[in-house]
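With JSON, C-alpha atoms (C1' of nucleotides) inside, this is work30.json:
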[["chain", "number", "residue", "atom", "x", "y", "z"],
["L", 918, "MET", "CA", 38.11, 142.24, 129.58],
["L", 919, "TYR", "CA", 36.08, 143.19, 126.60],
["L", 920, "GLN", "CA", 37.86, 145.12, 123.90],
["L", 921, "LYS", "CA", 35.78, 147.77, 122.21],
["L", 922, "LYS", "CA", 35.43, 147.53, 118.46],
["L", 923, "ILE", "CA", 33.85, 150.92, 118.02],
["L", 924, "PRO", "CA", 36.01, 153.63, 119.60],
["L", 925, "GLU", "CA", 34.42, 155.57, 122.41],
["L", 926, "LEU", "CA", 33.61, 159.21, 121.91],
["L", 927, "LEU", "CA", 34.64, 160.88, 125.12],
["L", 928, "ASP", "CA", 35.05, 164.35, 123.76],
["L", 929, "CYS", "CA", 31.61, 165.33, 124.90],
["L", 930, "GLY", "CA", 31.26, 166.08, 128.58],
["L", 931, "LEU", "CA", 27.92, 164.40, 128.80],
["L", 932, "ALA", "CA", 29.32, 161.19, 127.37],
["L", 933, "VAL", "CA", 32.04, 161.27, 129.99],
["L", 934, "ALA", "CA", 29.55, 161.74, 132.79],
["L", 935, "ILE", "CA", 27.45, 158.90, 131.47],
["L", 936, "LYS", "CA", 30.49, 156.67, 131.33],
["L", 937, "VAL", "CA", 30.93, 157.23, 135.05],
["L", 938, "VAL", "CA", 27.38, 156.87, 136.33],
["L", 939, "GLY", "CA", 25.59, 155.30, 133.39],
["L", 940, "GLY", "CA", 26.23, 151.65, 134.07],
["L", 941, "LYS", "CA", 23.43, 149.62, 135.50],
["L", 942, "TRP", "CA", 24.90, 149.50, 138.99],
["L", 943, "LYS", "CA", 27.80, 151.95, 138.96],
["L", 944, "ALA", "CA", 25.93, 154.70, 140.74],
["L", 945, "TRP", "CA", 25.02, 152.29, 143.50],
["L", 946, "VAL", "CA", 28.64, 151.28, 143.89],
["L", 947, "ILE", "CA", 29.72, 154.90, 144.08],
["L", 948, "ASP", "CA", 27.02, 155.57, 146.63],
["L", 949, "CYS", "CA", 28.14, 152.66, 148.80],
["L", 950, "ILE", "CA", 31.66, 153.96, 148.91],
["L", 951, "ARG", "CA", 30.47, 157.48, 149.52],
["L", 952, "ARG", "CA", 28.58, 156.31, 152.59],
["L", 953, "GLY", "CA", 31.58, 154.45, 153.94],
["L", 954, "VAL", "CA", 30.82, 150.95, 152.72],
["L", 955, "ARG", "CA", 34.34, 150.50, 151.45],
["L", 956, "ARG", "CA", 35.31, 146.87, 151.54],
["L", 957, "PRO", "CA", 34.46, 144.63, 148.62],
["L", 958, "SER", "CA", 32.75, 142.09, 150.84],
["L", 959, "ALA", "CA", 30.69, 144.81, 152.48],
["L", 960, "ILE", "CA", 29.65, 146.20, 149.11],
["L", 961, "HIS", "CA", 28.70, 142.73, 147.98],
["L", 962, "ARG", "CA", 26.62, 142.28, 151.11],
["L", 963, "GLU", "CA", 24.77, 145.53, 150.54],
["L", 964, "MET", "CA", 24.23, 144.81, 146.87],
["L", 965, "GLN", "CA", 22.78, 141.36, 147.43],
["L", 966, "ALA", "CA", 20.69, 141.61, 144.30],
["L", 967, "VAL", "CA", 23.71, 142.09, 142.08],
["L", 968, "ASN", "CA", 26.15, 139.41, 141.10],
["L", 969, "PRO", "CA", 29.47, 140.05, 142.86],
["L", 970, "ARG", "CA", 31.30, 139.43, 139.62],
["L", 971, "ILE", "CA", 29.50, 142.38, 138.10],
["L", 972, "VAL", "CA", 30.19, 144.57, 141.08],
["L", 973, "ASN", "CA", 33.85, 143.71, 140.77],
["L", 974, "LEU", "CA", 33.82, 144.73, 137.13],
["L", 975, "HIS", "CA", 32.29, 148.07, 138.04],
["L", 976, "LEU", "CA", 34.82, 148.56, 140.80],
["L", 977, "LYS", "CA", 37.64, 147.86, 138.41],
["L", 978, "GLU", "CA", 36.34, 150.26, 135.80],
["L", 979, "LEU", "CA", 35.68, 153.01, 138.30],
["L", 980, "GLU", "CA", 39.19, 152.54, 139.56],
["L", 981, "GLU", "CA", 40.66, 152.62, 136.07],
["L", 982, "ILE", "CA", 39.04, 155.92, 135.23],
["L", 983, "GLY", "CA", 40.10, 157.44, 138.51],
["L", 984, "ILE", "CA", 36.76, 157.76, 140.30],
["L", 985, "ILE", "CA", 37.76, 155.48, 143.15],
["L", 986, "TYR", "CA", 41.07, 154.16, 144.35],
["L", 987, "LYS", "CA", 42.03, 151.03, 146.16],
["L", 988, "GLU", "CA", 43.95, 150.73, 149.37],
["L", 989, "ILE", "CA", 45.41, 147.33, 150.13],
["L", 990, "PHE", "CA", 46.30, 146.95, 153.76],
["L", 991, "ALA", "CA", 49.17, 144.60, 154.46],
["L", 992, "GLU", "CA", 47.19, 143.03, 157.24],
["L", 993, "VAL", "CA", 46.68, 139.50, 158.26],
["L", 994, "PRO", "CA", 43.55, 138.58, 156.29],
["L", 995, "ALA", "CA", 44.35, 140.93, 153.42],
["L", 996, "ARG", "CA", 42.06, 143.93, 153.71],
["L", 997, "VAL", "CA", 41.04, 146.12, 150.80],
["L", 998, "GLU", "CA", 39.20, 149.41, 150.90],
["L", 999, "TYR", "CA", 37.93, 151.59, 148.14],
["L", 1000, "ARG", "CA", 37.57, 155.34, 148.51],
["L", 1001, "LEU", "CA", 36.51, 158.16, 146.28],
["L", 1002, "THR", "CA", 39.21, 160.20, 144.62],
["L", 1003, "PRO", "CA", 38.74, 163.98, 144.58],
["L", 1004, "VAL", "CA", 37.30, 163.69, 141.11],
["L", 1005, "GLY", "CA", 35.05, 160.93, 142.35],
["L", 1006, "GLN", "CA", 33.80, 163.19, 145.09],
["L", 1007, "SER", "CA", 33.24, 165.99, 142.64],
["L", 1008, "ILE", "CA", 30.62, 164.00, 140.79],
["L", 1009, "LEU", "CA", 28.45, 163.48, 143.86],
["L", 1010, "PRO", "CA", 26.52, 166.74, 143.42],
["L", 1011, "VAL", "CA", 25.80, 165.77, 139.84],
["L", 1012, "MET", "CA", 24.52, 162.41, 140.97],
["L", 1013, "GLU", "CA", 22.36, 164.10, 143.54],
["L", 1014, "ALA", "CA", 20.91, 166.38, 140.91],
["L", 1015, "MET", "CA", 20.11, 163.36, 138.76],
["L", 1016, "GLU", "CA", 18.65, 161.49, 141.71],
["L", 1017, "GLN", "CA", 16.52, 164.43, 142.71],
["L", 1018, "TRP", "CA", 15.20, 165.01, 139.22],
["L", 1019, "GLY", "CA", 14.44, 161.33, 138.89],
["L", 1020, "ASN", "CA", 12.58, 161.18, 142.17],
["L", 1021, "GLU", "CA", 10.52, 164.20, 141.26],
["L", 1022, "ASN", "CA", 9.57, 162.76, 137.91],
["L", 1023, "LYS", "CA", 9.59, 159.01, 138.15],
["L", 1024, "GLU", "CA", 5.84, 158.69, 138.51],
["L", 1025, "TYR", "CA", 5.41, 160.80, 135.43],
["L", 1026, "ILE", "CA", 7.95, 158.78, 133.47],
["L", 1027, "ASN", "CA", 6.50, 155.50, 134.62],
["L", 1028, "ARG", "CA", 3.01, 156.64, 133.78],
["L", 1029, "HIS", "CA", 4.03, 157.50, 130.26],
["L", 1030, "GLN", "CA", 5.71, 154.28, 129.38],
["L", 1031, "ALA", "CA", 4.29, 150.84, 129.07],
["L", 1032, "GLY", "CA", 5.83, 147.81, 130.64],
["L", 1033, "TYR", "CA", 6.46, 149.37, 134.01],
["L", 1034, "ALA", "CA", 7.51, 146.81, 136.55],
["L", 1035, "PRO", "CA", 7.86, 147.78, 140.17],
["L", 1036, "GLY", "CA", 11.12, 146.93, 141.84],
["L", 1037, "ASN", "CA", 13.24, 147.82, 144.76],
["L", 1038, "CYS", "CA", 16.22, 150.11, 144.59],
["L", 1039, "ALA", "CA", 17.43, 151.68, 147.75],
["L", 1040, "LEU", "CA", 20.12, 153.51, 145.84],
["L", 1041, "LEU", "CA", 20.93, 156.88, 147.26],
["L", 1042, "GLN", "CA", 17.84, 156.85, 149.41],
["L", 1043, "GLU", "CA", 19.62, 157.99, 152.50],
["L", 1044, "THR", "CA", 21.37, 160.83, 150.73],
["L", 1045, "ASN", "CA", 21.37, 163.77, 153.08],
["E", 459, "MET", "CA", 10.34, 146.68, 119.60],
["E", 460, "TYR", "CA", 12.43, 144.74, 122.01],
["E", 461, "GLN", "CA", 10.63, 143.30, 125.00],
["E", 462, "LYS", "CA", 12.60, 143.33, 128.20],
["E", 463, "LYS", "CA", 13.10, 140.01, 129.91],
["E", 464, "ILE", "CA", 14.46, 141.47, 133.12],
["E", 465, "PRO", "CA", 12.07, 144.06, 134.55],
["E", 466, "GLU", "CA", 13.42, 147.57, 134.83],
["E", 467, "LEU", "CA", 14.01, 149.04, 138.25],
["E", 468, "LEU", "CA", 12.74, 152.58, 138.01],
["E", 469, "ASP", "CA", 12.14, 153.13, 141.65],
["E", 470, "CYS", "CA", 15.47, 154.84, 142.05],
["E", 471, "GLY", "CA", 15.61, 158.41, 140.81],
["E", 472, "LEU", "CA", 19.06, 157.97, 139.39],
["E", 473, "ALA", "CA", 17.95, 155.01, 137.32],
["E", 474, "VAL", "CA", 15.13, 157.13, 135.94],
["E", 475, "ALA", "CA", 17.47, 159.95, 135.02],
["E", 476, "ILE", "CA", 19.81, 157.51, 133.31],
["E", 477, "LYS", "CA", 16.93, 156.04, 131.38],
["E", 478, "VAL", "CA", 16.32, 159.50, 129.94],
["E", 479, "VAL", "CA", 19.83, 160.66, 129.11],
["E", 480, "GLY", "CA", 21.83, 157.47, 129.33],
["E", 481, "GLY", "CA", 21.42, 156.15, 125.83],
["E", 482, "LYS", "CA", 24.29, 156.52, 123.46],
["E", 483, "TRP", "CA", 22.69, 159.37, 121.52],
["E", 484, "LYS", "CA", 19.65, 160.39, 123.54],
["E", 485, "ALA", "CA", 21.26, 163.44, 125.06],
["E", 486, "TRP", "CA", 22.25, 164.65, 121.62],
["E", 487, "VAL", "CA", 18.68, 164.23, 120.40],
["E", 488, "ILE", "CA", 17.35, 166.17, 123.36],
["E", 489, "ASP", "CA", 19.90, 168.86, 122.75],
["E", 490, "CYS", "CA", 18.91, 169.18, 119.09],
["E", 491, "ILE", "CA", 15.29, 169.70, 120.01],
["E", 492, "ARG", "CA", 16.21, 172.09, 122.78],
["E", 493, "ARG", "CA", 18.08, 174.26, 120.27],
["E", 494, "GLY", "CA", 15.18, 174.29, 117.86],
["E", 495, "VAL", "CA", 16.23, 171.50, 115.53],
["E", 496, "ARG", "CA", 12.81, 169.94, 115.64],
["E", 497, "ARG", "CA", 12.06, 168.13, 112.42],
["E", 498, "PRO", "CA", 13.18, 164.52, 112.05],
["E", 499, "SER", "CA", 14.97, 165.27, 108.79],
["E", 500, "ALA", "CA", 16.80, 168.20, 110.38],
["E", 501, "ILE", "CA", 17.83, 166.08, 113.34],
["E", 502, "HIS", "CA", 19.08, 163.41, 110.98],
["E", 503, "ARG", "CA", 21.06, 165.99, 109.08],
["E", 504, "GLU", "CA", 22.70, 167.28, 112.23],
["E", 505, "MET", "CA", 23.42, 163.79, 113.50],
["E", 506, "GLN", "CA", 25.08, 162.63, 110.30],
["E", 507, "ALA", "CA", 27.24, 160.21, 112.21],
["E", 508, "VAL", "CA", 24.30, 158.33, 113.63],
["E", 509, "ASN", "CA", 22.10, 155.96, 111.73],
["E", 510, "PRO", "CA", 18.67, 157.59, 111.25],
["E", 511, "ARG", "CA", 17.00, 154.37, 112.31],
["E", 512, "ILE", "CA", 18.64, 154.68, 115.69],
["E", 513, "VAL", "CA", 17.71, 158.31, 116.01],
["E", 514, "ASN", "CA", 14.12, 157.36, 115.29],
["E", 515, "LEU", "CA", 14.22, 154.75, 118.02],
["E", 516, "HIS", "CA", 15.48, 157.33, 120.48],
["E", 517, "LEU", "CA", 12.82, 159.79, 119.39],
["E", 518, "LYS", "CA", 10.15, 157.20, 119.90],
["E", 519, "GLU", "CA", 11.37, 156.24, 123.34],
["E", 520, "LEU", "CA", 11.75, 159.84, 124.45],
["E", 521, "GLU", "CA", 8.23, 160.46, 123.27],
["E", 522, "GLU", "CA", 6.89, 157.40, 125.05],
["E", 523, "ILE", "CA", 8.30, 158.46, 128.38],
["E", 524, "GLY", "CA", 7.03, 161.98, 127.97],
["E", 525, "ILE", "CA", 10.27, 163.90, 127.47],
["E", 526, "ILE", "CA", 9.33, 165.13, 124.03],
["E", 527, "TYR", "CA", 6.07, 165.27, 122.13],
["E", 528, "LYS", "CA", 5.27, 165.18, 118.48],
["E", 529, "GLU", "CA", 3.26, 167.65, 116.50],
["E", 530, "ILE", "CA", 2.00, 166.49, 113.15],
["E", 531, "PHE", "CA", 1.03, 169.36, 110.91],
["E", 532, "ALA", "CA", -1.68, 168.58, 108.40],
["E", 533, "GLU", "CA", 0.33, 170.28, 105.72],
["E", 534, "VAL", "CA", 1.05, 169.40, 102.18],
["E", 535, "PRO", "CA", 4.29, 167.42, 102.54],
["E", 536, "ALA", "CA", 3.41, 166.11, 106.01],
["E", 537, "ARG", "CA", 5.47, 168.04, 108.53],
["E", 538, "VAL", "CA", 6.44, 166.73, 111.94],
["E", 539, "GLU", "CA", 8.05, 168.62, 114.79],
["E", 540, "TYR", "CA", 9.27, 167.43, 118.13],
["E", 541, "ARG", "CA", 9.33, 169.66, 121.16],
["E", 542, "LEU", "CA", 10.28, 169.25, 124.78],
["E", 543, "THR", "CA", 7.51, 168.68, 127.27],
["E", 544, "PRO", "CA", 7.72, 170.61, 130.55],
["E", 545, "VAL", "CA", 9.30, 167.57, 132.14],
["E", 546, "GLY", "CA", 11.70, 167.38, 129.24],
["E", 547, "GLN", "CA", 12.68, 170.97, 129.82],
["E", 548, "SER", "CA", 13.14, 170.32, 133.50],
["E", 549, "ILE", "CA", 15.95, 167.89, 132.82],
["E", 550, "LEU", "CA", 18.03, 170.42, 130.92],
["E", 551, "PRO", "CA", 19.76, 171.81, 134.01],
["E", 552, "VAL", "CA", 20.67, 168.28, 135.04],
["E", 553, "MET", "CA", 22.13, 167.64, 131.61],
["E", 554, "GLU", "CA", 24.07, 170.86, 131.84],
["E", 555, "ALA", "CA", 25.46, 169.84, 135.19],
["E", 556, "MET", "CA", 26.56, 166.51, 133.72],
["E", 557, "GLU", "CA", 28.01, 168.21, 130.67],
["E", 558, "GLN", "CA", 29.90, 170.71, 132.77],
["E", 559, "TRP", "CA", 31.31, 168.08, 135.09],
["E", 560, "GLY", "CA", 32.34, 165.98, 132.12],
["E", 561, "ASN", "CA", 34.05, 168.84, 130.39],
["E", 562, "GLU", "CA", 35.95, 169.74, 133.52],
["E", 563, "ASN", "CA", 37.13, 166.19, 134.02],
["E", 564, "LYS", "CA", 37.35, 164.50, 130.68],
["E", 565, "GLU", "CA", 41.08, 164.91, 130.35],
["E", 566, "TYR", "CA", 41.50, 163.35, 133.76],
["E", 567, "ILE", "CA", 39.17, 160.48, 132.92],
["E", 568, "ASN", "CA", 40.80, 159.90, 129.56],
["E", 569, "ARG", "CA", 44.23, 159.99, 131.10],
["E", 570, "HIS", "CA", 43.30, 157.32, 133.59],
["E", 571, "GLN", "CA", 41.88, 154.83, 131.18],
["E", 572, "ALA", "CA", 43.47, 152.96, 128.35],
["E", 573, "GLY", "CA", 42.02, 152.72, 124.92],
["E", 574, "TYR", "CA", 41.17, 156.39, 124.57],
["E", 575, "ALA", "CA", 40.19, 157.27, 121.04],
["E", 576, "PRO", "CA", 39.59, 160.87, 120.07],
["E", 577, "GLY", "CA", 36.34, 161.60, 118.36],
["E", 578, "ASN", "CA", 34.01, 164.40, 117.58],
["E", 579, "CYS", "CA", 30.92, 165.18, 119.53],
["E", 580, "ALA", "CA", 29.51, 168.65, 119.31],
["E", 581, "LEU", "CA", 26.83, 167.72, 121.79],
["E", 582, "LEU", "CA", 25.76, 170.63, 123.92],
["E", 583, "GLN", "CA", 28.79, 172.61, 122.90],
["E", 584, "GLU", "CA", 26.87, 175.77, 122.24],
["E", 585, "THR", "CA", 24.98, 175.58, 125.49],
["E", 586, "ASN", "CA", 24.80, 179.05, 126.88],
["S", 424, "DC", "C1'", 41.18, 119.09, 158.71],
["S", 425, "DT", "C1'", 36.70, 121.43, 157.42],
["S", 426, "DG", "C1'", 34.22, 125.46, 156.95],
["S", 427, "DG", "C1'", 33.69, 130.16, 156.29],
["S", 428, "DA", "C1'", 35.39, 134.77, 155.20],
["S", 429, "DT", "C1'", 38.52, 137.48, 152.41],
["S", 430, "DA", "C1'", 39.69, 139.19, 147.38],
["S", 431, "DG", "C1'", 39.62, 138.19, 142.54],
["S", 432, "DG", "C1'", 39.07, 136.39, 137.89],
["S", 433, "DG", "C1'", 38.28, 132.89, 133.55],
["S", 434, "DA", "C1'", 34.88, 131.03, 130.53],
["S", 435, "DT", "C1'", 30.63, 131.41, 128.79],
["S", 436, "DA", "C1'", 25.80, 132.67, 128.09],
["S", 437, "DA", "C1'", 22.05, 135.84, 128.12],
["S", 438, "DA", "C1'", 20.11, 140.30, 127.67],
["S", 439, "DT", "C1'", 20.11, 144.71, 125.77],
["S", 440, "DT", "C1'", 21.43, 148.34, 122.85],
["S", 441, "DT", "C1'", 23.27, 149.97, 118.41],
["S", 442, "DA", "C1'", 24.05, 149.36, 113.73],
["S", 443, "DT", "C1'", 23.02, 148.09, 108.76],
["S", 444, "DC", "C1'", 20.20, 147.28, 104.99],
["S", 445, "DC", "C1'", 16.26, 147.93, 102.70],
["S", 446, "DC", "C1'", 11.30, 148.78, 102.06],
["S", 447, "DT", "C1'", 6.66, 151.55, 102.06],
["S", 448, "DA", "C1'", 4.21, 155.74, 101.03],
["S", 449, "DT", "C1'", 3.18, 160.61, 99.90],
["S", 450, "DC", "C1'", 4.28, 164.83, 97.64],
["S", 451, "DC", "C1'", 6.84, 168.31, 94.81],
["S", 452, "DC", "C1'", 9.68, 169.53, 91.03],
["S", 453, "DT", "C1'", 11.51, 168.92, 86.44],
["W", 901, "DA", "C1'", 8.08, 159.14, 84.36],
["W", 902, "DG", "C1'", 11.95, 159.78, 87.43],
["W", 903, "DG", "C1'", 14.41, 161.89, 91.29],
["W", 904, "DG", "C1'", 14.58, 163.74, 95.69],
["W", 905, "DA", "C1'", 12.63, 165.07, 100.18],
["W", 906, "DT", "C1'", 9.48, 163.84, 103.83],
["W", 907, "DA", "C1'", 8.40, 160.35, 107.82],
["W", 908, "DG", "C1'", 8.71, 155.68, 109.42],
["W", 909, "DG", "C1'", 9.51, 150.80, 110.28],
["W", 910, "DG", "C1'", 10.75, 145.36, 109.51],
["W", 911, "DA", "C1'", 14.34, 142.03, 109.62],
["W", 912, "DT", "C1'", 18.61, 141.01, 111.00],
["W", 913, "DA", "C1'", 23.35, 141.38, 112.62],
["W", 914, "DA", "C1'", 26.87, 143.27, 115.49],
["W", 915, "DA", "C1'", 28.51, 145.30, 119.61],
["W", 916, "DT", "C1'", 28.30, 145.88, 124.37],
["W", 917, "DT", "C1'", 26.85, 145.13, 128.92],
["W", 918, "DT", "C1'", 25.07, 141.99, 132.52],
["W", 919, "DA", "C1'", 24.55, 137.60, 134.37],
["W", 920, "DT", "C1'", 25.90, 132.75, 135.86],
["W", 921, "DC", "C1'", 28.90, 129.33, 137.18],
["W", 922, "DC", "C1'", 32.86, 127.95, 139.10],
["W", 923, "DC", "C1'", 37.78, 128.18, 140.27],
["W", 924, "DT", "C1'", 42.21, 129.91, 142.85],
["W", 925, "DA", "C1'", 44.39, 131.32, 147.09],
["W", 926, "DT", "C1'", 45.12, 132.90, 151.89],
["W", 927, "DC", "C1'", 43.87, 133.03, 156.64],
["W", 928, "DC", "C1'", 41.35, 132.07, 161.00],
["W", 929, "DA", "C1'", 38.35, 129.55, 164.09],
["W", 930, "DG", "C1'", 36.97, 125.36, 165.87]]

Could you render the structure as C-alpha cells?
Amino acid sequence: MYQKKIPELLDCGLAVAIKVVGGKWKAWVIDCIRRGVRRPSAIHREMQAVNPRIVNLHLKELEEIGIIYKEIFAEVPARVEYRLTPVGQSILPVMEAMEQWGNENKEYINRHQAGYAPGNCALLQETN
Amino acid sequence: MYQKKIPELLDCGLAVAIKVVGGKWKAWVIDCIRRGVRRPSAIHREMQAVNPRIVNLHLKELEEIGIIYKEIFAEVPARVEYRLTPVGQSILPVMEAMEQWGNENKEYINRHQAGYAPGNCALLQETN
DNA sequence: CTGGATAGGGATAAATTTATCCCTATCCCT
DNA sequence: AGGGATAGGGATAAATTTATCCCTATCCAG
C-alpha cells in the first residue's frame, strides 16, 4: 500500500466526504453494495470496465475507514459479503444529492468545458 | 495544460459533482468566492498554505466549467474578481451537505483509518 | 486431472493531480 | 530607480491514484 508523504488534512468535513466518495470508482462500489451486490465477484462482474485490482483497493479502503464491513462466511467455497455500516448508509443521501445536482447540470458543465468525451456510466442510475 | 489520455466519463451525475468539488482545494476556492473573497490576491492570501499556482489552476478550471466567472475591471491597477455563476451557486447546498456529513463523521472516519495526521482546514467553517 | 469460480495481493507502469521555482508585465509609491 | 502589489503562466518535479500483468490458494464439477 502506498504511504502518503504529505499528511492528509481531514479536519475539514468536506475533505472527509471527498475521501469517501471522491475516488474514481468508489461511489460506484458503494452503490453496488447499497443495491445488494455484495460479493466481490459480483461487484467485479457489474464493474466490468474497471480493473478488479482497483476495485479491491477501493473495497479495502472503504472498509478501513468504516464505510463498509466484510463478512466472511465459513462456508465451503469461502464466501465474502460486504455491507454498508451505519455510517456508510448515512452518506447515501449526500451521494444522492451529488448525483442529482450532477444530473441536472451535466449538460451545462460539459458544454462549458472542452475535451468532452462521451462515455457510459450507469452509476446510481437506478437510484429510487 | 495537461491533456487527458483516458477520456473522462461525465455521464454520471456523481462524477460531474466530483469534478467540481473533488479537487484537493477546489471546494475551498469556491467557498472563498461564496463568502466574498473574490480577488485572486485575496484568495491567495486566505489560502496561504496552498501554492498560488495551484489556486490559479483551480480558478481556471472552475471558470472553464462554468462554476465561476471572471470580471476584469478596466481600472488603473487591473482588477479582477471572480463570482459564482447561478450553477455555481446551485452547488452550495450540496457542498454544505457534504461538509455537514463530514463534520458529523470525521472522528469516526479518522478513528477507523491509520495514518491520521491532524491539520488545519478552515474550509466552510463559518458557513451559516 | 483440467478448468473455472472464489478471494486476494505483489510488482510495476501509466496517468493525473499537486507542488516548486521562476519569469513576464503593468502600475503605484517613495 | 527600486520595491511592492496586481494578475498570470512555463517548465519541471513530486506525489498520488489508476491501470496492467500475473501469481497464490481453495474448492467443485466433469

### Message
Quick one: residues within 12 Å of E:Trp559, all atoms listed in the file, excluding same-chain residues fewer than 3 positions away - as an MDAnalysis selection string?
### Response
(chainID L and resid 929:935 937:938 1004:1012) or (chainID E and resid 552:556 562:567)

### Task
Mind running a least-squares superposition of chain L onto chain E over all the C-alpha atoms, in order, and reading off the RMSD?
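Pairing the C-alpha atoms in order and fitting gives 0.1 Å.
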
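From atom CA of L:Asn973 back to atom CA of L:Arg996, the distance works out to 15.3 Å.
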
### Task
Up to 12 Å from chain L, what residues of chain W turn up? Count all atoms listed in the file and give them as a list in words.
DA914, DA915, DT916, DT917, DT918, DA919, DT920, DC921, DC922, DA925, DT926, DC927 and DC928 of chain W

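With all atoms listed in the file as the atoms that count, the minimum distance from chain E to the choices S:DA438, S:DC452, S:DC446, S:DC424 is reached by S:DA438.
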
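Atom pair atom CA of E:Lys528 / atom CA of E:Pro510: separated by 17.0 Å.
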
#### Entry: Test item: residues at most 12 Å from W:DT924, all atoms listed in the file, excluding those fewer than 6 positions along its chain, as a list in words
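So the residues in contact are DA430, DG431, DG432 and DG433 of chain S.
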
### Query
Which distance in Å separates atom CA of E:Leu468 and atom CA of L:Gly1019, to one decimal?
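Spanning atom CA of E:Leu468 to atom CA of L:Gly1019 is a straight-line distance of 9.0 Å.
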
### Message
The residues within 12 Å of (12.6, 172.6, 120.2), using only C-alpha atoms (C1' of nucleotides) and the coordinates of the file, should be reported as a ChimeraX atom specification; which are they?
### Response
/E:487-498,500-501,525-529,538-544,546-547

### Query
For L:Ala944, which of L:Ala991, L:Met918, L:Leu976, L:Ile982 is the closest residue, counting all atoms listed in the file?
L:Leu976

### Task
Define the interface residues of chain S facing chain E as those within 10 Å, counting only C-alpha atoms (C1' of nucleotides), and report them as a ChimeraX atom specification.
/S:438-443,449-451

If you count all atoms listed in the file, which residues fall within 9 Å of E:Ser499, apart from same-chain ones fewer than 4 positions away, as a compact mmCIF listing (two decimals) with C-alpha atoms (C1' of nucleotides), keeping the file's coordinate frame?
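Written file, part-v1.txt:
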# COMPACT_ATOMS: atom_id res chain seq x y z
CA ARG E 503 21.06 165.99 109.08
CA GLU E 504 22.70 167.28 112.23
CA PRO E 510 18.67 157.59 111.25
C1' DA W 905 12.63 165.07 100.18
C1' DT W 906 9.48 163.84 103.83
C1' DA W 907 8.40 160.35 107.82

### Message
I'd like to know which of E:Gln571, E:Trp486, E:Lys518, E:Glu533 is closest to chain L, using only C-alpha atoms.
### Response
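Comparing E:Gln571, E:Trp486, E:Lys518, E:Glu533 against chain L, the winner is E:Gln571.
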